[in-house]
$ cat input-v4.txt   # compact mmCIF, C-alpha atoms
# COMPACT_ATOMS: atom_id res chain seq x y z
CA MET A 1 -15.79 -15.06 10.79
CA GLU A 2 -15.07 -16.61 14.13
CA LYS A 3 -15.94 -14.40 17.10
CA GLU A 4 -12.88 -12.86 18.76
CA LYS A 5 -12.43 -11.23 22.16
CA GLN A 6 -9.74 -8.77 21.08
CA VAL A 7 -7.75 -8.46 17.87
CA LEU A 8 -4.22 -7.07 17.70
CA VAL A 9 -2.94 -6.04 14.28
CA VAL A 10 0.82 -5.49 13.97
CA PHE A 11 2.36 -3.99 10.84
CA PRO A 12 5.36 -1.73 10.24
CA HIS A 13 3.93 0.87 7.84
CA PRO A 14 0.85 3.04 7.70
CA ASP A 15 -1.08 1.51 4.73
CA ASP A 16 0.08 -2.08 5.38
CA GLU A 17 -3.29 -2.61 7.06
CA ALA A 18 -5.26 -1.08 4.21
CA PHE A 19 -4.70 -3.47 1.32
CA GLY A 20 -4.73 -6.89 2.92
CA VAL A 21 -6.92 -6.76 6.01
CA SER A 22 -8.79 -3.48 6.36
CA GLY A 23 -12.07 -5.20 5.50
CA THR A 24 -11.35 -7.85 8.10
CA ILE A 25 -10.61 -5.13 10.66
CA ALA A 26 -13.81 -3.24 9.81
CA SER A 27 -15.83 -6.48 10.04
CA TYR A 28 -14.49 -7.26 13.52
CA ILE A 29 -15.23 -3.72 14.69
CA GLU A 30 -18.77 -3.85 13.28
CA SER A 31 -19.36 -7.08 15.18
CA GLY A 32 -18.24 -5.41 18.41
CA THR A 33 -14.73 -6.88 18.68
CA PRO A 34 -12.13 -4.33 19.79
CA VAL A 35 -9.19 -3.98 17.41
CA THR A 36 -5.84 -2.43 18.30
CA TYR A 37 -3.50 -1.48 15.49
CA ALA A 38 0.19 -1.33 16.39
CA CYS A 39 2.07 0.42 13.61
CA LEU A 40 5.82 0.32 14.06
CA THR A 41 6.95 3.21 11.82
CA LEU A 42 5.48 6.20 10.04
CA GLY A 43 6.68 5.04 6.63
CA GLU A 44 9.28 7.80 6.64
CA MET A 45 11.15 6.26 3.71
CA GLY A 46 8.18 5.92 1.37
CA ARG A 47 9.14 6.69 -2.22
CA ASN A 48 5.78 8.17 -3.16
CA LEU A 49 5.71 11.88 -2.44
CA GLY A 50 2.81 12.67 -4.76
CA ASN A 51 3.10 13.37 -8.48
CA PRO A 52 3.69 16.28 -8.76
CA PRO A 53 5.25 16.07 -5.30
CA PHE A 54 3.24 17.48 -2.39
CA ALA A 55 5.57 16.03 0.26
CA THR A 56 9.28 16.03 0.99
CA ARG A 57 11.38 13.36 2.67
CA GLU A 58 11.05 15.47 5.85
CA SER A 59 7.34 16.29 5.71
CA LEU A 60 6.29 12.76 4.71
CA PRO A 61 6.12 11.31 8.26
CA LYS A 62 3.73 14.03 9.44
CA ILE A 63 1.54 13.50 6.38
CA ARG A 64 1.53 9.74 6.80
CA LYS A 65 0.72 10.02 10.51
CA LYS A 66 -2.39 11.99 9.61
CA GLU A 67 -3.22 9.50 6.86
CA LEU A 68 -2.91 6.65 9.36
CA GLN A 69 -5.31 8.39 11.73
CA ASP A 70 -7.76 9.05 8.89
CA ALA A 71 -7.58 5.42 7.74
CA ALA A 72 -8.14 4.23 11.31
CA ASP A 73 -11.16 6.55 11.59
CA SER A 74 -12.69 5.19 8.41
CA LEU A 75 -12.36 1.62 9.72
CA GLY A 76 -13.55 2.53 13.22
CA ILE A 77 -10.23 1.70 14.92
CA THR A 78 -10.05 3.75 18.11
CA ASP A 79 -6.80 2.28 19.46
CA VAL A 80 -3.79 2.99 17.25
CA ARG A 81 -0.35 2.56 18.78
CA MET A 82 2.50 4.23 16.92
CA LEU A 83 5.67 2.55 18.12
CA GLY A 84 8.06 5.23 16.85
CA LEU A 85 10.55 3.11 14.93
CA ARG A 86 11.96 4.29 11.62
CA ASP A 87 10.98 2.90 8.25
CA LYS A 88 13.49 0.44 6.74
CA THR A 89 15.42 0.08 10.00
CA VAL A 90 13.17 -2.41 11.81
CA GLU A 91 15.35 -5.41 10.95
CA PHE A 92 18.39 -3.66 12.42
CA GLU A 93 16.76 -3.00 15.81
CA ASP A 94 17.77 -5.17 18.74
CA ASP A 95 15.70 -8.36 18.34
CA GLY A 96 15.12 -8.78 22.07
CA GLU A 97 13.91 -5.22 22.55
CA LEU A 98 11.59 -5.49 19.59
CA THR A 99 10.15 -8.74 20.92
CA ASP A 100 9.65 -7.07 24.32
CA ARG A 101 7.65 -4.25 22.72
CA ILE A 102 5.30 -6.78 21.15
CA SER A 103 5.19 -8.92 24.29
CA SER A 104 4.09 -5.97 26.41
CA LEU A 105 1.27 -5.22 23.97
CA ILE A 106 0.15 -8.84 24.15
CA GLN A 107 0.36 -8.77 27.93
CA GLU A 108 -1.71 -5.58 28.13
CA LEU A 109 -4.37 -6.49 25.58
CA THR A 110 -4.50 -10.32 25.85
CA PRO A 111 -5.69 -10.59 22.25
CA SER A 112 -7.44 -13.76 21.12
CA LEU A 113 -6.10 -13.14 17.59
CA ILE A 114 -3.01 -11.42 16.22
CA ILE A 115 -2.77 -10.45 12.56
CA THR A 116 0.65 -9.66 11.08
CA PHE A 117 2.76 -10.61 8.08
CA TYR A 118 3.89 -14.17 7.39
CA PRO A 119 7.63 -14.41 8.10
CA GLY A 120 9.54 -15.47 5.01
CA TYR A 121 6.70 -14.55 2.64
CA SER A 122 6.15 -10.84 3.00
CA VAL A 123 8.83 -9.28 0.76
CA HIS A 124 9.74 -6.04 2.58
CA PRO A 125 12.52 -6.31 5.20
CA ASP A 126 10.38 -4.36 7.70
CA HIS A 127 7.47 -6.76 7.14
CA GLU A 128 9.75 -9.70 7.74
CA ALA A 129 11.33 -8.24 10.88
CA THR A 130 7.91 -7.32 12.30
CA ALA A 131 6.58 -10.80 11.59
CA ARG A 132 9.58 -12.47 13.21
CA ALA A 133 9.20 -10.31 16.33
CA VAL A 134 5.50 -11.19 16.64
CA VAL A 135 6.27 -14.89 16.22
CA ARG A 136 8.97 -14.68 18.92
CA ALA A 137 6.61 -12.86 21.29
CA VAL A 138 3.82 -15.42 20.81
CA GLU A 139 6.24 -18.32 21.03
CA ALA A 140 7.43 -17.07 24.42
CA LEU A 141 3.93 -17.57 25.89
CA PRO A 142 2.75 -20.86 27.39
CA VAL A 143 0.99 -22.75 24.59
CA ASN A 144 -2.42 -22.52 26.28
CA GLN A 145 -2.12 -18.72 26.42
CA GLN A 146 -1.04 -18.20 22.83
CA PRO A 147 -3.43 -16.16 20.71
CA LYS A 148 -4.24 -17.31 17.21
CA LEU A 149 -1.74 -16.01 14.69
CA GLN A 150 -2.99 -15.20 11.19
CA CYS A 151 -0.66 -13.81 8.58
CA VAL A 152 -0.65 -11.85 5.35
CA ALA A 153 1.66 -13.31 2.67
CA PHE A 154 2.26 -12.00 -0.82
CA SER A 155 5.73 -13.04 -1.95
CA ASN A 156 5.82 -14.58 -5.41
CA ASN A 157 6.38 -18.04 -3.91
CA CYS A 158 3.83 -17.84 -1.07
CA VAL A 159 1.12 -20.07 -2.56
CA ALA A 160 3.65 -22.56 -3.95
CA GLU A 161 5.23 -22.98 -0.52
CA LEU A 162 2.43 -22.31 1.97
CA GLY A 163 -0.44 -23.60 -0.13
CA GLU A 164 -3.67 -21.68 -0.66
CA PRO A 165 -4.68 -19.42 2.23
CA ASP A 166 -6.77 -21.29 4.80
CA ILE A 167 -8.73 -18.15 5.72
CA ILE A 168 -10.64 -16.13 3.15
CA HIS A 169 -12.86 -13.33 4.41
CA ASP A 170 -15.50 -11.97 2.07
CA ILE A 171 -15.54 -8.34 3.14
CA THR A 172 -18.05 -7.10 0.55
CA PRO A 173 -20.40 -5.66 3.23
CA VAL A 174 -17.63 -3.30 4.42
CA GLN A 175 -16.05 -2.71 1.00
CA ASP A 176 -16.73 1.04 1.16
CA LYS A 177 -14.83 1.33 4.43
CA LYS A 178 -11.92 -0.55 2.90
CA ILE A 179 -11.80 1.73 -0.11
CA ALA A 180 -12.00 4.75 2.22
CA ALA A 181 -9.06 3.40 4.22
CA MET A 182 -7.00 2.90 1.07
CA LYS A 183 -7.89 6.40 -0.08
CA ALA A 184 -6.91 7.84 3.29
CA HIS A 185 -3.31 6.85 2.56
CA ARG A 186 -3.34 9.37 -0.23
CA SER A 187 0.41 9.97 -0.50
CA GLN A 188 0.95 6.27 -1.18
CA THR A 189 -2.20 5.24 -3.02
CA GLU A 190 -3.37 8.17 -5.11
CA ALA A 191 -1.72 7.05 -8.35
CA MET A 192 -2.85 3.45 -7.93
CA LEU A 193 -6.42 4.36 -7.04
CA ALA A 194 -6.60 6.63 -10.08
CA THR A 195 -6.01 3.58 -12.29
CA TRP A 196 -8.82 1.78 -10.44
CA ALA A 197 -11.53 4.38 -10.98
CA GLU A 198 -12.54 3.04 -14.37
CA LYS A 199 -12.34 -0.60 -13.28
CA LEU A 200 -14.55 0.09 -10.28
CA GLU A 201 -17.01 1.87 -12.53
CA VAL A 202 -17.43 -1.24 -14.71
CA GLU A 203 -17.15 -3.55 -11.68
CA ASP A 204 -14.05 -5.31 -13.01
CA PRO A 205 -14.31 -8.81 -11.51
CA GLU A 206 -10.58 -9.28 -11.02
CA LEU A 207 -10.16 -6.04 -9.08
CA LEU A 208 -13.36 -6.51 -7.08
CA GLY A 209 -12.29 -10.06 -6.23
CA TRP A 210 -8.97 -8.77 -4.98
CA ILE A 211 -10.63 -6.10 -2.88
CA GLN A 212 -13.45 -8.27 -1.53
CA LYS A 213 -11.58 -11.46 -0.71
CA GLU A 214 -9.01 -11.00 2.05
CA ARG A 215 -6.60 -13.87 2.31
CA LEU A 216 -4.82 -14.98 5.46
CA TRP A 217 -2.69 -17.93 6.39
CA THR A 218 -2.73 -19.45 9.88
CA TYR A 219 0.88 -19.44 11.03
CA GLN A 220 2.37 -22.92 10.90
CA TRP A 221 4.76 -23.47 13.79
CA PRO A 222 7.92 -25.25 12.71
CA GLU A 223 8.10 -28.80 13.98
CA LYS A 224 10.26 -29.01 17.07
CA MET B 1 9.34 20.55 -3.88
CA LYS B 2 9.84 22.12 -7.27
CA PRO B 3 12.19 21.47 -10.18
CA ILE B 4 15.76 22.44 -9.40
CA GLU B 5 16.83 26.00 -10.08
CA ARG B 6 20.54 25.63 -10.30
CA ASP B 7 21.61 29.10 -9.18
CA GLU B 8 19.35 29.04 -6.15
CA VAL B 9 20.61 25.60 -5.13
CA GLN B 10 24.23 26.68 -5.62
CA ARG B 11 23.68 29.69 -3.38
CA ALA B 12 22.18 27.44 -0.70
CA ILE B 13 25.09 25.00 -0.97
CA ASP B 14 27.48 27.93 -0.51
CA THR B 15 25.77 29.10 2.67
CA PHE B 16 26.38 25.72 4.33
CA ALA B 17 30.09 25.55 3.40
CA LYS B 18 32.75 25.56 6.14
CA ARG B 19 30.18 24.98 8.88
CA ASP B 20 29.16 21.90 10.83
CA VAL B 21 26.19 20.48 8.95
CA PHE B 22 24.06 17.37 9.16
CA LEU B 23 23.54 15.28 6.04
CA HIS B 24 20.82 12.93 4.90
CA LEU B 25 21.91 10.88 1.88
CA GLU B 26 19.81 8.11 0.44
CA THR B 27 19.52 6.07 -2.70
CA THR B 28 16.81 3.48 -3.22
CA ASN B 29 15.15 1.29 -5.82
CA GLY B 30 12.27 0.68 -3.43
CA ALA B 31 11.79 -2.41 -1.33
CA TYR B 32 9.64 -4.09 -3.97
CA ALA B 33 11.95 -3.80 -6.99
CA SER B 34 13.09 -7.42 -6.88
CA HIS B 35 9.54 -8.56 -6.05
CA HIS B 36 8.13 -7.03 -9.23
CA ASP B 37 11.13 -8.10 -11.34
CA GLU B 38 13.07 -11.02 -9.89
CA SER B 39 16.02 -10.34 -12.20
CA PHE B 40 16.38 -6.81 -10.80
CA PHE B 41 19.39 -6.30 -8.57
CA SER B 42 18.19 -3.98 -5.84
CA ALA B 43 20.76 -1.77 -4.16
CA GLY B 44 20.70 1.37 -2.10
CA ALA B 45 22.40 3.20 0.72
CA TYR B 46 21.23 5.47 3.48
CA ILE B 47 22.94 7.72 5.99
CA ARG B 48 21.06 10.08 8.29
CA ASN B 49 22.61 12.81 10.39
CA ALA B 50 26.20 12.42 9.30
CA LYS B 51 27.93 15.46 10.83
CA VAL B 52 30.40 16.92 8.35
CA GLN B 53 32.00 20.14 7.19
CA TYR B 54 32.62 20.74 3.52
CA GLU B 55 35.09 23.17 2.01
CA HIS B 56 32.95 23.79 -1.00
CA GLY B 57 30.11 22.18 -2.87
CA LYS B 58 28.90 22.30 -6.44
CA ILE B 59 25.81 21.54 -8.45
CA VAL B 60 26.67 20.37 -11.97
CA GLY B 61 24.74 19.01 -14.93
CA ASP B 62 21.60 19.83 -16.82
CA ASP B 63 18.53 18.22 -15.25
CA PRO B 64 19.04 15.80 -13.68
CA TYR B 65 21.87 17.33 -11.73
CA ARG B 66 24.78 16.10 -9.67
CA VAL B 67 25.85 17.62 -6.38
CA GLY B 68 29.31 17.06 -4.89
CA LEU B 69 30.62 18.27 -1.54
CA LYS B 70 34.38 18.35 -0.97
CA LEU B 71 35.26 17.44 2.61
CA GLU B 72 38.61 18.05 4.24
CA ILE B 73 39.57 14.42 3.68
CA GLY B 74 36.78 13.02 1.54
CA TRP B 75 33.73 13.49 -0.65
CA VAL B 76 29.99 13.29 -0.68
CA TYR B 77 28.03 13.22 -3.91
CA ALA B 78 24.65 12.38 -5.32
CA GLU B 79 23.41 12.11 -8.90
CA GLY B 80 19.96 12.09 -10.44
CA LEU B 81 18.75 15.16 -8.53
CA ASN B 82 15.89 17.09 -10.13
CA HIS B 83 13.76 18.60 -7.34
CA PHE B 84 14.51 20.85 -4.39
CA GLU B 85 13.04 22.80 -1.52
CA ILE B 86 14.48 25.07 1.11
CA ASP B 87 12.06 24.24 3.88
CA GLU B 88 10.71 26.35 6.72
CA GLN B 89 13.70 25.35 8.86
CA GLY B 90 16.15 26.55 6.23
CA ARG B 91 17.22 23.05 5.27
CA LEU B 92 18.22 22.29 1.71
CA LEU B 93 16.25 19.26 0.53
CA LEU B 94 17.35 17.83 -2.82
CA ALA B 95 15.65 14.84 -4.39
CA GLY B 96 15.68 12.81 -7.55
CA LEU B 97 12.16 11.75 -8.51
CA ASP B 98 11.58 9.25 -11.30
CA SER B 99 9.04 9.70 -14.09
CA THR B 100 6.23 8.50 -11.80
CA GLY B 101 7.25 10.82 -8.96
CA LYS B 102 8.91 8.15 -6.85
CA LEU B 103 11.98 9.15 -4.90
CA ALA B 104 15.19 7.49 -6.11
CA VAL B 105 17.81 9.64 -4.40
CA ALA B 106 17.89 12.32 -1.71
CA LEU B 107 20.62 14.63 -0.45
CA GLN B 108 19.68 17.00 2.36
CA ILE B 109 21.76 19.51 4.31
CA SER B 110 20.78 21.05 7.64
CA LEU B 111 22.42 23.06 10.42
CA GLN B 112 20.39 21.11 12.98
CA PRO B 113 20.12 17.32 13.20
CA PHE B 114 17.22 15.82 11.22
CA GLU B 115 14.51 14.42 13.51

$ encode --input "input-v4.txt" --output "structure tokens"
Amino acid sequence: MEKEKQVLVVFPHPDDEAFGVSGTIASYIESGTPVTYACLTLGEMGRNLGNPPFATRESLPKIRKKELQDAADSLGITDVRMLGLRDKTVEFEDDGELTDRISSLIQELTPSLIITFYPGYSVHPDHEATARAVVRAVEALPVNQQPKLQCVAFSNNCVAELGEPDIIHDITPVQDKKIAAMKAHRSQTEAMLATWAEKLEVEDPELLGWIQKERLWTYQWPEK
Amino acid sequence: MKPIERDEVQRAIDTFAKRDVFLHLETTNGAYASHHDESFFSAGAYIRNAKVQYEHGKIVGDDPYRVGLKLEIGWVYAEGLNHFEIDEQGRLLLAGLDSTGKLAVALQISLQPFE
């Protein structure tokens, strides 16, 4: 991995960081690079409430806030910014205000790298709106001050349209931290992780490959 | 939340009648429904903190249940409800959870606005 001065991770939901890039985050932190995680919502509209349910629609945000803090702790993130928006409403916020929120984070932290979703290829409307806001904020900077922009994509058409990811991080050395971060988001991941237990036991290559290889695409600016 | 007990829910609905109440009403297939199955037509609706008064309300059905609230000049209803809780703030939280525990519908009534 290339050495970075400061990494800024921007996602809308607690747990968005866990699946795709938590190993990358842990690797940067282990190498001494500060990582800030800006999380736009508390995932208030998550459908998983436990089975049998241990949360309600109204208690879920408090639970997920704690889960986010626990996940951050397991990765070593000491700077988590909760932006206080509401799940599933990000795309309906004022675009300019949303861009300004991201711009002020960039101004404060002067990250050398920003990690977010890839606009157009990240499925959930909140992912898309977050990604668009980050792109607008970076685009507003003079080209020589723009941080690198690396994106998570997972729509069904992402490889067909974007090609294979140009960045693949083998995060095997920090795999335990990644699994701990995924586990920390218990309300959302418990059922899924239960199905993994056996596969992890027998070191299922497909699952391990998915966990150990984190895939990112460098954002391609549209031709002007 | 626990499985709906119809009489208890009906009593709670009655206590909120003819008063200003705040409603949370939501239906959802989840944001990934069309990602996992591209032929799936995803639809949902969401309203939070609608301030209404209802003349009366009823819970009907036999697990899952339907709840309808008759307003002075309109209606509110939800179907597919199977779990409930009256929380520490006295709010009636009704939810429909699918076979895997995922929320598909919610109808909630409170005397104070939801946060």

$ atom_distance --input "input-v4.txt" --atom1 "atom CA of Gln89 of chain B" --atom2 "atom CA of Ser110 of chain B"
8.4 Å

$ closest_residue --input "input-v4.txt" --among "B:Glu115, B:Glu55, B:Asp98, B:Glu8" --to "Gly30 of chain B" --atoms "all atoms listed in the file"
B:Asp98

$ residues_around --input "input-v4.txt" --residues "Asn82 of chain B" --least-positions-apart "6" --cutoff "10 Å" --atoms "only C-alpha atoms" --output "list in words"
Met1, Lys2, Pro3, Ile4, Glu5, Arg6, Asp62, Asp63, Pro64, Tyr65, Arg66, Leu94, Ala95, Gly96, Leu97, Asp98, Val105 and Ala106 of chain B

$ closest_residue --input "input-v4.txt" --among "B:His36, B:Arg91, B:His83, B:His56" --to "Arg19 of chain B" --atoms "all atoms listed in the file"
B:His56

$ interface_residues --input "input-v4.txt" --of "chain B" --to "chain A" --cutoff "7 Å" --atoms "all atoms listed in the file" --output "list of chain:residue names"
B:Met1, B:Gly30, B:Ala31, B:Tyr32, B:His35, B:Thr100, B:Gly101, B:Lys102, B:Leu103

$ atom_distance --input "input-v4.txt" --atom1 "atom CA of Asp20 of chain B" --atom2 "atom CA of Asp87 of chain B"
18.6 Å

$ closest_residue --input "input-v4.txt" --among "B:Ile47, B:Val60, B:Val76, B:Val9" --to "Glu26 of chain B" --atoms "only C-alpha atoms"
B:Ile47

$ residues_around --input "input-v4.txt" --residues "Gln108 of chain B" --least-positions-apart "3" --cutoff "7 Å" --atoms "all atoms listed in the file" --output "list in words"
Leu23, His24, Leu25, Leu92, Leu93 and Leu94 of chain B

$ residues_around --input "input-v4.txt" --residues "segment 32-41 of chain A" --least-positions-apart "6" --cutoff "10 Å" --atoms "all atoms listed in the file" --output "PyMOL selection string"
chain A and resi 3-17+25-26+61+64-65+68+72+76-90+98+101-102+105+109+111+113-116+126+130

$ residues_around --input "input-v4.txt" --residues "Lys58 of chain B" --least-positions-apart "6" --cutoff "8 Å" --atoms "all atoms listed in the file" --output "list in words"
Gln10, Ile13, Val67, Gly68 and Leu69 of chain B

$ write_last_selection --input "input-v4.txt" --atoms "C-alpha atoms" --output "short mmCIF file (atom, residue, chain, number, x, y, z; two decimals), in the frame of the given file"
data_model
loop_
_atom_site.label_atom_id
_atom_site.label_comp_id
_atom_site.auth_asym_id
_atom_site.auth_seq_id
_atom_site.Cartn_x
_atom_site.Cartn_y
_atom_site.Cartn_z
CA GLN B 10 24.23 26.68 -5.62
CA ILE B 13 25.09 25.00 -0.97
CA VAL B 67 25.85 17.62 -6.38
CA GLY B 68 29.31 17.06 -4.89
CA LEU B 69 30.62 18.27 -1.54
#

$ axis_aligned_box --input "input-v4.txt" --around "segment 40-55 of chain B" --padding-each-side "6 Å" --output "JSON"
{"center_x": 25.7, "center_y": 8.2, "center_z": 0.0, "size_x": 30.7, "size_y": 42.0, "size_z": 33.6}

$ atom_distance --input "input-v4.txt" --atom1 "atom CA of Ile167 of chain A" --atom2 "atom CA of Thr218 of chain A"
7.4 Å

$ residues_around --input "input-v4.txt" --residues "segment 193-203 of chain A" --least-positions-apart "5" --cutoff "10 Å" --atoms "all atoms listed in the file" --output "PyMOL selection string"
chain A and resi 179+182-183+186+188+208-209

$ closest_residue --input "input-v4.txt" --among "B:Phe16, B:Phe22, B:Phe40, B:Tyr46" --to "Ala78 of chain B" --atoms "all atoms listed in the file"
B:Tyr46

$ closest_residue --input "input-v4.txt" --among "A:Leu42, A:Arg132, A:Tyr28, A:Gly23" --to "His185 of chain A" --atoms "all atoms listed in the file"
A:Leu42

$ decode --input "input-v4.txt" --residues "segment 15-36 of chain B" --atoms "N, CA and C atoms" --output "PDB file, in the first residue's frame"
ATOM      1  N   THR B  15     -56.211   4.360  23.754  1.00  0.00           N
ATOM      2  CA  THR B  15     -55.750   5.460  24.614  1.00  0.00           C
ATOM      3  C   THR B  15     -55.257   6.655  23.802  1.00  0.00           C
ATOM      4  N   PHE B  16     -54.858   6.412  22.553  1.00  0.00           N
ATOM      5  CA  PHE B  16     -54.360   7.520  21.720  1.00  0.00           C
ATOM      6  C   PHE B  16     -55.476   8.199  20.915  1.00  0.00           C
ATOM      7  N   ALA B  17     -56.686   7.648  20.946  1.00  0.00           N
ATOM      8  CA  ALA B  17     -57.766   8.190  20.110  1.00  0.00           C
ATOM      9  C   ALA B  17     -58.178   9.581  20.588  1.00  0.00           C
ATOM     10  N   LYS B  18     -58.611  10.397  19.625  1.00  0.00           N
ATOM     11  CA  LYS B  18     -59.110  11.752  19.895  1.00  0.00           C
ATOM     12  C   LYS B  18     -58.079  12.630  20.600  1.00  0.00           C
ATOM     13  N   ARG B  19     -56.818  12.404  20.335  1.00  0.00           N
ATOM     14  CA  ARG B  19     -55.755  13.257  20.867  1.00  0.00           C
ATOM     15  C   ARG B  19     -54.788  13.554  19.722  1.00  0.00           C
ATOM     16  N   ASP B  20     -54.061  14.654  19.842  1.00  0.00           N
ATOM     17  CA  ASP B  20     -53.003  14.900  18.857  1.00  0.00           C
ATOM     18  C   ASP B  20     -51.908  13.864  19.052  1.00  0.00           C
ATOM     19  N   VAL B  21     -51.625  13.108  17.996  1.00  0.00           N
ATOM     20  CA  VAL B  21     -50.543  12.118  18.098  1.00  0.00           C
ATOM     21  C   VAL B  21     -49.602  12.255  16.901  1.00  0.00           C
ATOM     22  N   PHE B  22     -48.420  11.732  17.073  1.00  0.00           N
ATOM     23  CA  PHE B  22     -47.420  11.724  16.008  1.00  0.00           C
ATOM     24  C   PHE B  22     -47.267  10.297  15.498  1.00  0.00           C
ATOM     25  N   LEU B  23     -47.256  10.181  14.169  1.00  0.00           N
ATOM     26  CA  LEU B  23     -47.202   8.858  13.540  1.00  0.00           C
ATOM     27  C   LEU B  23     -45.882   8.640  12.818  1.00  0.00           C
ATOM     28  N   HIS B  24     -45.413   7.416  12.904  1.00  0.00           N
ATOM     29  CA  HIS B  24     -44.341   6.935  12.022  1.00  0.00           C
ATOM     30  C   HIS B  24     -44.956   5.780  11.236  1.00  0.00           C
ATOM     31  N   LEU B  25     -44.925   5.873   9.922  1.00  0.00           N
ATOM     32  CA  LEU B  25     -45.470   4.815   9.069  1.00  0.00           C
ATOM     33  C   LEU B  25     -44.451   4.519   7.976  1.00  0.00           C
ATOM     34  N   GLU B  26     -44.164   3.275   7.806  1.00  0.00           N
ATOM     35  CA  GLU B  26     -43.070   2.900   6.897  1.00  0.00           C
ATOM     36  C   GLU B  26     -43.357   1.540   6.282  1.00  0.00           C
ATOM     37  N   THR B  27     -43.136   1.428   4.999  1.00  0.00           N
ATOM     38  CA  THR B  27     -43.081   0.106   4.384  1.00  0.00           C
ATOM     39  C   THR B  27     -41.791   0.033   3.576  1.00  0.00           C
ATOM     40  N   THR B  28     -41.191  -1.117   3.512  1.00  0.00           N
ATOM     41  CA  THR B  28     -39.916  -1.225   2.793  1.00  0.00           C
ATOM     42  C   THR B  28     -39.658  -2.653   2.344  1.00  0.00           C
ATOM     43  N   ASN B  29     -39.030  -2.764   1.171  1.00  0.00           N
ATOM     44  CA  ASN B  29     -38.516  -4.061   0.719  1.00  0.00           C
ATOM     45  C   ASN B  29     -37.024  -4.154   1.002  1.00  0.00           C
ATOM     46  N   GLY B  30     -36.458  -3.057   1.532  1.00  0.00           N
ATOM     47  CA  GLY B  30     -35.010  -3.004   1.689  1.00  0.00           C
ATOM     48  C   GLY B  30     -34.387  -2.420   0.438  1.00  0.00           C
ATOM     49  N   ALA B  31     -33.281  -1.723   0.631  1.00  0.00           N
ATOM     50  CA  ALA B  31     -32.653  -1.004  -0.478  1.00  0.00           C
ATOM     51  C   ALA B  31     -31.937  -1.938  -1.450  1.00  0.00           C
ATOM     52  N   TYR B  32     -31.812  -3.213  -1.070  1.00  0.00           N
ATOM     53  CA  TYR B  32     -31.049  -4.131  -1.925  1.00  0.00           C
ATOM     54  C   TYR B  32     -31.930  -5.126  -2.686  1.00  0.00           C
ATOM     55  N   ALA B  33     -33.263  -4.968  -2.554  1.00  0.00           N
ATOM     56  CA  ALA B  33     -34.160  -5.968  -3.140  1.00  0.00           C
ATOM     57  C   ALA B  33     -33.928  -6.123  -4.638  1.00  0.00           C
ATOM     58  N   SER B  34     -33.822  -5.006  -5.341  1.00  0.00           N
ATOM     59  CA  SER B  34     -33.653  -5.081  -6.798  1.00  0.00           C
ATOM     60  C   SER B  34     -32.215  -5.407  -7.197  1.00  0.00           C
ATOM     61  N   HIS B  35     -31.294  -5.275  -6.230  1.00  0.00           N
ATOM     62  CA  HIS B  35     -29.894  -5.658  -6.469  1.00  0.00           C
ATOM     63  C   HIS B  35     -29.774  -7.186  -6.445  1.00  0.00           C
ATOM     64  N   HIS B  36     -30.446  -7.805  -5.479  1.00  0.00           N
ATOM     65  CA  HIS B  36     -30.381  -9.261  -5.361  1.00  0.00           C
ATOM     66  C   HIS B  36     -31.250  -9.955  -6.408  1.00  0.00           C
TER      67      HIS B  36
END
